[in-house]
$ cat entry.txt   # compact mmCIF, C-alpha atoms
# COMPACT_ATOMS: atom_id res chain seq x y z
CA MET A 1 116.16 101.06 170.49
CA THR A 2 113.38 103.37 171.65
CA ASN A 3 110.77 104.52 169.16
CA LEU A 4 111.65 108.21 169.06
CA PRO A 5 109.93 110.52 166.57
CA LYS A 6 111.59 110.90 163.17
CA ALA A 7 112.17 113.88 160.98
CA VAL A 8 110.15 113.91 157.75
CA LEU A 9 111.49 115.23 154.45
CA TYR A 10 108.78 116.27 152.01
CA TYR A 11 110.26 116.37 148.51
CA SER A 12 109.65 116.01 144.81
CA PRO A 13 111.74 113.43 142.92
CA LYS A 14 112.40 115.95 140.13
CA SER A 15 113.03 119.04 142.24
CA VAL A 16 116.45 120.70 142.14
CA TRP A 17 116.43 121.85 145.75
CA SER A 18 114.85 118.62 146.95
CA ALA A 19 117.91 116.92 145.48
CA ALA A 20 120.10 119.10 147.71
CA GLY A 21 118.24 117.90 150.82
CA ILE A 22 118.30 114.23 149.83
CA TRP A 23 121.92 114.47 148.76
CA ASP A 24 122.79 116.08 152.09
CA SER A 25 121.19 113.22 154.02
CA GLU A 26 123.13 110.72 151.90
CA GLU A 27 126.44 112.51 152.45
CA LYS A 28 125.82 112.68 156.19
CA GLY A 29 124.89 109.00 156.39
CA TYR A 30 121.49 109.33 158.03
CA GLY A 31 119.73 106.05 158.65
CA SER A 32 116.17 105.18 157.64
CA ASP A 33 115.28 105.27 161.35
CA GLU A 34 116.05 108.99 161.44
CA ILE A 35 114.35 110.50 158.38
CA ASP A 36 111.18 109.52 156.55
CA ARG A 37 110.80 110.72 152.96
CA ARG A 38 107.39 111.65 151.58
CA VAL A 39 106.80 112.57 147.95
CA VAL A 40 104.89 115.73 147.03
CA ASP A 41 103.60 115.48 143.46
CA LEU A 42 104.14 118.94 141.99
CA GLY A 43 102.56 117.93 138.69
CA LYS A 44 99.28 117.28 140.51
CA GLY A 45 99.56 120.49 142.51
CA GLU A 46 99.92 118.70 145.84
CA ASN A 47 102.18 121.51 147.04
CA TYR A 48 99.14 123.82 146.88
CA ASP A 49 96.98 121.53 149.00
CA PRO A 50 95.81 123.36 152.16
CA THR A 51 97.36 120.64 154.33
CA PHE A 52 100.79 121.13 152.76
CA LEU A 53 100.46 124.90 152.91
CA ARG A 54 100.19 124.64 156.68
CA LEU A 55 103.73 123.25 156.61
CA ASN A 56 105.02 125.69 154.01
CA PRO A 57 102.94 128.72 152.99
CA LYS A 58 105.36 129.25 150.08
CA ALA A 59 104.20 125.97 148.49
CA THR A 60 107.77 124.92 147.73
CA VAL A 61 109.78 121.76 148.35
CA PRO A 62 111.69 120.49 150.14
CA VAL A 63 110.28 120.82 153.65
CA LEU A 64 111.95 119.14 156.60
CA VAL A 65 109.72 118.63 159.63
CA VAL A 66 111.78 117.95 162.74
CA PRO A 67 110.92 117.33 166.41
CA TYR A 68 112.06 119.94 168.88
CA GLU A 69 115.13 118.80 170.80
CA ASN A 70 113.48 119.14 174.21
CA SER A 71 110.49 117.03 173.18
CA LEU A 72 112.28 113.79 172.28
CA GLY A 73 111.67 111.86 175.47
CA GLU A 74 109.32 108.88 175.47
CA ASP A 75 107.28 110.47 178.23
CA THR A 76 106.98 113.81 176.42
CA GLU A 77 104.50 114.74 173.73
CA SER A 78 106.62 115.61 170.71
CA ARG A 79 106.34 119.01 169.05
CA TYR A 80 107.62 119.81 165.58
CA LYS A 81 108.88 122.67 163.47
CA ALA A 82 109.11 122.90 159.69
CA LEU A 83 112.29 124.01 157.93
CA ILE A 84 111.53 125.29 154.45
CA GLU A 85 114.76 126.87 153.20
CA THR A 86 117.75 125.18 151.60
CA LYS A 87 119.67 128.42 151.11
CA VAL A 88 122.39 129.11 153.67
CA GLY A 89 122.21 132.46 155.41
CA THR A 90 118.42 132.82 155.58
CA PRO A 91 116.95 134.05 158.88
CA SER A 92 115.64 130.62 159.81
CA GLN A 93 117.91 127.63 160.12
CA THR A 94 118.18 125.95 156.75
CA ILE A 95 117.56 122.32 155.87
CA VAL A 96 121.13 121.66 154.77
CA GLU A 97 122.55 123.35 157.87
CA PHE A 98 120.26 121.37 160.15
CA LEU A 99 121.14 118.05 158.52
CA ASP A 100 124.84 118.87 158.60
CA LYS A 101 124.93 119.89 162.27
CA SER A 102 122.55 117.24 163.59
CA ARG A 103 124.79 114.29 162.78
CA SER A 104 128.54 114.16 163.29
CA ALA A 105 131.19 111.54 163.98
CA ILE A 106 130.88 112.20 167.73
CA SER A 107 127.16 112.94 168.03
CA SER A 108 124.59 110.64 169.56
CA THR A 109 121.66 110.69 167.16
CA GLN A 110 119.77 107.55 168.17
CA THR A 111 120.66 106.01 164.82
CA THR A 112 121.51 102.53 163.64
CA SER A 113 123.58 103.97 160.79
CA ALA A 114 127.31 103.29 160.97
CA ALA A 115 128.08 105.53 157.98
CA PRO A 116 130.63 108.33 158.37
CA ALA A 117 129.28 111.79 159.12
CA PRO A 118 131.64 114.29 157.46
CA ALA A 119 131.35 117.98 158.34
CA LEU A 120 130.11 119.86 155.27
CA SER A 121 130.01 123.40 156.65
CA PRO A 122 133.07 125.54 155.83
CA ALA A 123 135.64 125.66 158.63
CA THR A 124 137.04 129.14 158.06
CA ILE A 125 135.59 132.64 157.75
CA ALA A 126 136.98 133.01 154.23
CA ALA A 127 135.49 129.71 153.09
CA THR A 128 132.16 130.57 154.71
CA MET A 129 132.06 133.84 152.79
CA SER A 130 132.91 132.09 149.50
CA CYS A 131 130.22 129.49 150.22
CA SER A 132 127.61 132.22 150.78
CA VAL A 133 128.59 134.06 147.60
CA ILE A 134 128.25 130.92 145.45
CA ILE A 135 124.92 129.97 146.99
CA ASP A 136 123.62 133.53 146.56
CA ILE A 137 124.50 133.35 142.85
CA LEU A 138 122.63 130.07 142.45
CA HIS A 139 119.52 131.26 144.30
CA ALA A 140 119.25 134.61 142.53
CA GLU A 141 116.20 134.92 140.28
CA THR A 142 118.44 135.23 137.20
CA ALA A 143 119.75 131.72 137.92
CA ASN A 144 116.36 130.18 138.74
CA PRO A 145 116.58 126.60 137.40
CA ASN A 146 112.80 126.20 137.43
CA THR A 147 112.36 129.20 135.15
CA LEU A 148 114.77 127.62 132.67
CA VAL A 149 112.55 124.56 132.44
CA TYR A 150 109.63 126.62 131.17
CA VAL A 151 111.58 128.78 128.72
CA ASN A 152 113.86 126.13 127.23
CA ALA A 153 112.94 127.00 123.63
CA ARG A 154 114.04 129.81 121.34
CA ASP A 155 112.49 128.81 118.02
CA ASP A 156 109.33 127.17 116.72
CA GLU A 157 110.76 123.63 116.54
CA SER A 158 112.17 123.59 120.06
CA LEU A 159 108.88 125.09 121.30
CA LYS A 160 107.03 122.04 119.95
CA THR A 161 109.39 119.74 121.85
CA LEU A 162 109.04 121.78 125.03
CA ALA A 163 105.24 121.74 124.83
CA LYS A 164 105.14 117.95 124.53
CA GLY A 165 107.35 117.62 127.57
CA ILE A 166 105.80 120.03 130.07
CA ALA A 167 102.32 121.06 128.90
CA PRO A 168 100.55 117.96 130.36
CA SER A 169 102.04 118.60 133.81
CA LEU A 170 101.12 122.29 133.68
CA GLN A 171 97.57 121.41 132.67
CA ARG A 172 97.25 119.06 135.66
CA ARG A 173 98.52 121.83 137.92
CA GLN A 174 96.04 124.24 136.38
CA GLU A 175 93.16 121.83 137.00
CA ALA A 176 94.25 121.29 140.62
CA LEU A 177 94.40 125.04 141.31
CA LYS A 178 90.98 125.58 139.75
CA GLU A 179 89.56 122.80 141.91
CA TYR A 180 91.05 124.28 145.10
CA LEU A 181 89.56 127.68 144.24
CA SER A 182 86.21 126.10 143.45
CA GLN A 183 86.14 124.27 146.78
CA ALA A 184 87.04 127.48 148.59
CA GLU A 185 84.24 129.28 146.76
CA ASN A 186 81.56 126.70 147.58
CA GLY A 187 82.71 126.39 151.20
CA SER A 188 83.82 122.75 151.12
CA ILE A 189 87.22 123.90 152.33
CA ARG A 190 88.07 126.93 154.43
CA VAL A 191 91.27 128.82 153.74
CA SER A 192 92.53 132.34 154.28
CA ASP A 193 92.43 135.11 151.71
CA LYS A 194 96.23 134.82 151.56
CA VAL A 195 95.97 131.22 150.37
CA LYS A 196 93.32 132.14 147.80
CA LYS A 197 95.58 134.90 146.51
CA LEU A 198 98.45 132.45 146.16
CA TRP A 199 96.26 130.06 144.17
CA VAL A 200 95.08 132.84 141.85
CA GLU A 201 98.63 134.08 141.26
CA LYS A 202 99.92 130.60 140.45
CA LEU A 203 96.92 129.92 138.24
CA ASP A 204 97.55 133.12 136.29
CA ALA A 205 101.26 132.34 135.90
CA THR A 206 100.51 128.81 134.72
CA GLY A 207 97.94 130.13 132.25
CA LEU A 208 100.46 132.53 130.69
CA ILE A 209 102.86 129.71 129.89
CA LEU A 210 100.14 127.36 128.67
CA ALA A 211 98.76 130.05 126.37
CA VAL A 212 102.00 129.78 124.39
CA LEU A 213 102.47 126.02 124.66
CA VAL A 214 98.98 125.03 123.48
CA ASP A 215 99.65 126.81 120.18
CA ALA A 216 103.13 125.32 119.76
CA GLU A 217 102.17 123.19 116.75
CA LYS A 218 100.86 126.21 114.84
CA PRO A 219 103.23 128.13 112.54
CA GLN A 220 103.70 131.83 113.20
CA GLU A 221 101.53 132.86 110.26
CA ALA A 222 98.57 130.83 111.60
CA LEU A 223 98.53 132.60 114.95
CA GLY A 224 96.20 135.40 115.91
CA GLU A 225 97.67 138.76 116.86
CA GLN A 226 97.60 138.10 120.61
CA ALA A 227 98.99 134.58 120.25
CA LYS A 228 101.74 135.86 117.98
CA ALA A 229 102.65 138.57 120.49
CA ASN A 230 102.70 135.96 123.27
CA ARG A 231 105.11 133.76 121.34
CA ILE A 232 107.41 136.67 120.52
CA ALA A 233 107.46 137.69 124.19
CA PHE A 234 108.14 134.08 125.20
CA PHE A 235 111.16 133.80 122.89
CA ARG A 236 112.44 137.14 124.15
CA THR A 237 112.23 135.86 127.73
CA ALA A 238 113.95 132.62 126.74
CA ARG A 239 116.83 134.44 125.06
CA GLN A 240 117.26 136.64 128.12
CA ALA A 241 117.27 133.61 130.41
CA TRP A 242 119.81 131.61 128.42
CA GLU A 243 121.93 134.00 126.39
CA VAL A 244 122.23 136.76 128.98
CA ASN A 245 121.43 135.39 132.43
CA MET A 246 123.13 132.00 132.08
CA SER A 247 126.17 133.61 130.49
CA ASP A 248 126.47 135.95 133.48
CA VAL A 249 125.79 133.22 136.06
CA PHE A 250 128.40 130.81 134.69
CA THR A 251 130.93 133.63 134.41
CA GLN A 252 130.36 134.52 138.07
CA LEU A 253 130.54 130.90 139.18
CA SER A 254 133.76 130.28 137.28
CA LYS A 255 135.28 133.30 138.99
CA GLU A 256 134.19 132.28 142.49
CA MET A 257 134.84 128.52 142.32
CA ALA A 258 138.19 127.22 143.57
CA GLY A 259 138.09 123.79 141.91
CA PRO A 260 137.66 120.93 141.66
CA TYR A 261 134.86 121.46 144.21
CA ALA A 262 133.29 124.83 144.85
CA LEU A 263 135.61 125.68 147.74
CA GLY A 264 138.62 123.56 146.79
CA ASP A 265 139.54 119.94 147.45
CA GLN A 266 136.86 119.27 150.08
CA PHE A 267 133.17 118.65 149.40
CA SER A 268 130.96 121.17 151.20
CA ILE A 269 127.45 122.55 151.54
CA ALA A 270 128.14 124.80 148.55
CA ASP A 271 128.52 121.69 146.38
CA LEU A 272 125.08 120.41 147.35
CA HIS A 273 123.56 123.55 145.87
CA LEU A 274 125.92 123.81 142.91
CA GLY A 275 125.66 120.12 142.05
CA GLY A 276 121.86 120.09 142.12
CA TRP A 277 121.62 123.31 140.13
CA LEU A 278 124.21 122.26 137.55
CA SER A 279 122.61 118.84 137.10
CA ARG A 280 119.33 120.55 136.16
CA VAL A 281 120.93 123.07 133.77
CA ALA A 282 123.09 120.37 132.18
CA LYS A 283 119.98 118.24 131.65
CA LEU A 284 118.23 121.14 129.91
CA ALA A 285 121.29 121.57 127.69
CA GLY A 286 121.01 117.96 126.55
CA ALA A 287 123.65 116.40 128.82
CA THR A 288 123.37 113.00 130.53
CA LYS A 289 124.88 111.64 133.72
CA GLU A 290 127.25 109.54 131.63
CA ASP A 291 128.83 112.63 130.00
CA ASP A 292 132.23 113.75 131.24
CA GLY A 293 132.94 117.33 132.29
CA SER A 294 134.32 118.42 128.93
CA THR A 295 131.23 117.15 127.11
CA VAL A 296 128.85 118.79 129.59
CA VAL A 297 130.63 122.13 129.26
CA SER A 298 130.51 121.91 125.45
CA LYS A 299 126.76 121.29 125.56
CA LEU A 300 126.23 124.15 128.00
CA GLU A 301 128.24 126.56 125.86
CA LYS A 302 126.29 125.53 122.77
CA ARG A 303 122.93 125.91 124.53
CA ILE A 304 123.81 129.35 125.89
CA GLY A 305 125.02 130.37 122.43
CA GLY A 306 126.30 133.71 121.23
CA GLY A 307 129.89 132.50 121.23
CA PHE A 308 129.88 132.02 125.00
CA GLY A 309 132.80 130.06 126.40
CA LEU A 310 133.97 129.25 129.91
CA PRO A 311 137.62 130.00 130.71
CA ARG A 312 139.99 127.03 130.65
CA ASP A 313 141.85 128.14 133.75
CA PHE A 314 141.97 125.12 136.05
CA ILE A 315 144.87 122.68 136.26
CA THR A 316 143.76 119.18 137.26
CA GLU A 317 145.59 117.12 139.86
CA GLN A 318 146.87 114.80 137.14
CA ALA A 319 148.26 117.75 135.19
CA ARG A 320 149.96 118.99 138.35
CA ARG A 321 151.59 115.61 138.91
CA GLU A 322 152.80 115.56 135.33
CA ASN A 323 153.92 119.20 135.62
CA SER A 324 151.78 120.05 132.59
CA LYS A 325 150.63 123.65 132.89
CA THR A 326 149.15 123.63 129.39
CA ASP A 327 146.55 120.95 130.18
CA ARG A 328 143.90 123.28 131.56
CA VAL A 329 140.15 122.68 131.83
CA THR A 330 137.14 124.66 132.97
CA LYS A 331 136.31 124.69 136.67
CA VAL A 332 132.75 123.66 135.83
CA GLY A 333 134.02 120.67 133.88
CA ALA A 334 136.43 119.66 136.66
CA PHE A 335 133.58 120.00 139.16
CA TRP A 336 131.34 117.75 137.08
CA ASP A 337 134.02 115.07 136.84
CA ALA A 338 134.49 115.21 140.62
CA LEU A 339 130.75 114.83 141.20
CA ARG A 340 130.50 111.79 138.96
CA GLU A 341 132.89 109.93 141.26
CA ARG A 342 130.82 110.45 144.39
CA GLY A 343 128.61 107.58 145.48
CA SER A 344 126.02 109.97 146.91
CA TRP A 345 125.64 111.81 143.57
CA LYS A 346 125.31 108.49 141.73
CA LYS A 347 122.55 107.46 144.12
CA VAL A 348 120.60 110.72 143.87
CA TYR A 349 120.80 110.69 140.06
CA GLU A 350 120.61 106.95 139.63
CA THR A 351 117.81 107.14 137.07
CA GLY A 352 119.20 110.18 135.22
CA LEU A 353 119.58 113.92 135.54
CA TYR A 354 116.60 116.10 136.49
$ encode --input "entry.txt" --output "structure tokens"
Amino acid sequence: MTNLPKAVLYYSPKSVWSAAGIWDSEEKGYGSDEIDRRVVDLGKGENYDPTFLRLNPKATVPVLVVPYENSLGEDTESRYKALIETKVGTPSQTIVEFLDKSRSAISSTQTTSAAPAPALSPATIAATMSCSVIIDILHAETANPNTLVYVNARDDESLKTLAKGIAPSLQRRQEALKEYLSQAENGSIRVSDKVKKLWVEKLDATGLILAVLVDAEKPQEALGEQAKANRIAFFRTARQAWEVNMSDVFTQLSKEMAGPYALGDQFSIADLHLGGWLSRVAKLAGATKEDDGSTVVSKLEKRIGGGFGLPRDFITEQARRENSKTDRVTKVGAFWDALRERGSWKKVYETGLY
């Protein structure tokens, strides 16, 4: 086989949307001769490195760098473009759309892989619209799974646990950003004012969270006035994120989902987004990959709090066969149980949820 240029997927092993890209490539059966995977260490701030920012000025992962179709010949110098979006419907072609359309059962992709290549894009206008609605819900700021990581505490005890888990990584990121700014200041690296502004904004945002976390071991009465105000504001944000936003998001998802998968019986692009997002939120609620759907839903409802409950309005296939209309479950729970049976999901989350 000729040595044609590969696509390169830049990802973080603990990134929700990176999981969607990796999961997509697993579902589509891409071979190792088609896509290289390169880790970007977010904890060390590698996504803010000037070299990475040339690929993605937003400093997010995943990024899929692909050769242009008309530059694949051996006698042609290859040129590349970077795809930085996983969300369907964005102006540029998305990563999941590209991976889905670039390999099919009848395509010639210069691959040694003999794995099936199922079509994941919806086949009808109605399904496409439902897919877009679900993905829009998941990518709205109120559903941001990364925000939930940083505000996963609503009392002093859970704040201590949170600080032990994420403060070291945030401190490394803070140090990396300070170093980039220092190098830009002394002229050892040359970057645009736009890049410097990005670094300053991310440094400020990281500092706001760390200001609360570094005092996590102190009781309320031992805090200064500013530190006390910061903690109160933090808990207010956390309650909004979980008790209000997550309640609304899960209510919307339950309404839009068909079950057992997002659009019905067939796995689709919508499930790549929903599965990655739900795996993160379930992890934050204390769930594990071994939990069944009912257990995951119970943990989610408890974490959201305030008496929140998902509607038990889905009849499983087994219940249909047994003509039991009283054996109803949540769509989210049925979705989780369907995911756990997929080999691709097991591979992506082999070492646990993230």
$ closest_residue --input "entry.txt" --among "A:Glu256, A:Val200, A:Ala176, A:Lys160" --to "Val214 of chain A" --atoms "all atoms listed in the file"
A:Lys160
$ atom_distance --input "entry.txt" --atom1 "atom CA of Trp277 of chain A" --atom2 "atom CA of Val16 of chain A"
6.1 Å
$ axis_aligned_box --input "entry.txt" --around "segment 334-340 of chain A" --padding-each-side "3 Å" --output "JSON"
{"center_x": 133.5, "center_y": 115.9, "center_z": 138.9, "size_x": 11.9, "size_y": 14.2, "size_z": 10.5}
$ closest_residue --input "entry.txt" --among "A:Tyr180, A:Phe250, A:Tyr354, A:Phe234" --to "Lys44 of chain A" --atoms "only C-alpha atoms"
A:Tyr180
$ residues_around --input "entry.txt" --residues "Leu263 of chain A" --least-positions-apart "6" --cutoff "12 Å" --atoms "all atoms listed in the file" --output "list in words"
Leu120, Ser121, Pro122, Ala123, Thr124, Ala126, Ala127, Thr128, Met129, Ser130, Cys131, Ser132, Val133, Ile134, Ile135, Leu253, Ser254, Lys255, Glu256, Met257, Ile269, Ala270, Asp271, Leu272, Leu274, Lys331 and Phe335 of chain A
$ residues_around --input "entry.txt" --residues "segment 290-304 of chain A" --least-positions-apart "6" --cutoff "8 Å" --atoms "only C-alpha atoms" --output "list in words"
Trp242, Glu243, Met246, Ser247, Val281, Ala282, Leu310, Val329, Thr330, Val332, Gly333, Ala334, Phe335, Trp336 and Asp337 of chain A
$ closest_residue --input "entry.txt" --among "A:Glu97, A:Asp265, A:Asp49, A:Glu221" --to "Asp156 of chain A" --atoms "all atoms listed in the file"
A:Glu221
$ atom_distance --input "entry.txt" --atom1 "atom CA of Ala163 of chain A" --atom2 "atom CA of Lys58 of chain A"
26.3 Å
$ closest_residue --input "entry.txt" --among "A:Leu284, A:Leu198, A:Ala205, A:Val348" --to "Ser18 of chain A" --atoms "only C-alpha atoms"
A:Val348
$ atom_distance --input "entry.txt" --atom1 "atom CA of Leu159 of chain A" --atom2 "atom CA of Gly45 of chain A"
23.6 Å
$ closest_residue --input "entry.txt" --among "A:Trp17, A:Phe267, A:Tyr80, A:Tyr10" --to "Ser344 of chain A" --atoms "only C-alpha atoms"
A:Phe267
$ closest_residue --input "entry.txt" --among "A:Glu157, A:Gln174, A:Pro67, A:Glu27" --to "Gln220 of chain A" --atoms "all atoms listed in the file"
A:Glu157
$ residues_near_point --input "entry.txt" --point "(117.8, 137.0, 133.3)" --cutoff "12 Å" --atoms "all atoms listed in the file" --output "list of chain:residue names"
A:Ala140, A:Glu141, A:Thr142, A:Ala143, A:Asn144, A:Pro145, A:Thr147, A:Leu148, A:Val151, A:Arg236, A:Thr237, A:Ala238, A:Arg239, A:Gln240, A:Ala241, A:Trp242, A:Glu243, A:Val244, A:Asn245, A:Met246, A:Ser247, A:Asp248, A:Val249
$ residues_around --input "entry.txt" --residues "Phe52 of chain A" --least-positions-apart "2" --cutoff "12 Å" --atoms "only C-alpha atoms" --output "VMD selection string"
chain A and resid 10 to 11 38 to 42 45 to 50 54 to 65 82 84 195
$ build_atoms --input "entry.txt" --residues "segment 165-178 of chain A" --atoms "N, CA and C atoms" --output "CSV table (one decimal), in the coordinates of the input"
chain,number,residue,atom,x,y,z
A,165,GLY,N,106.7,118.1,126.3
A,165,GLY,CA,107.4,117.6,127.6
A,165,GLY,C,106.7,118.2,128.8
A,166,ILE,N,106.3,119.4,128.8
A,166,ILE,CA,105.8,120.0,130.1
A,166,ILE,C,104.3,120.5,130.1
A,167,ALA,N,103.7,120.6,128.9
A,167,ALA,CA,102.3,121.1,128.9
A,167,ALA,C,101.4,120.2,129.7
A,168,PRO,N,101.5,118.8,129.6
A,168,PRO,CA,100.6,118.0,130.4
A,168,PRO,C,100.6,118.2,131.9
A,169,SER,N,101.9,118.4,132.4
A,169,SER,CA,102.0,118.6,133.8
A,169,SER,C,101.5,119.9,134.2
A,170,LEU,N,101.7,121.0,133.4
A,170,LEU,CA,101.1,122.3,133.7
A,170,LEU,C,99.6,122.3,133.6
A,171,GLN,N,99.0,121.5,132.8
A,171,GLN,CA,97.6,121.4,132.7
A,171,GLN,C,97.0,120.7,133.9
A,172,ARG,N,97.7,119.7,134.4
A,172,ARG,CA,97.2,119.1,135.7
A,172,ARG,C,97.3,120.0,136.8
A,173,ARG,N,98.4,120.8,136.9
A,173,ARG,CA,98.5,121.8,137.9
A,173,ARG,C,97.4,122.9,137.8
A,174,GLN,N,97.1,123.3,136.6
A,174,GLN,CA,96.0,124.2,136.4
A,174,GLN,C,94.7,123.7,136.9
A,175,GLU,N,94.4,122.5,136.6
A,175,GLU,CA,93.2,121.8,137.0
A,175,GLU,C,93.1,121.7,138.5
A,176,ALA,N,94.2,121.4,139.2
A,176,ALA,CA,94.2,121.3,140.6
A,176,ALA,C,94.0,122.6,141.3
A,177,LEU,N,94.6,123.7,140.8
A,177,LEU,CA,94.4,125.0,141.3
A,177,LEU,C,93.0,125.5,141.1
A,178,LYS,N,92.4,125.2,140.0
A,178,LYS,CA,91.0,125.6,139.8
A,178,LYS,C,90.1,124.8,140.7
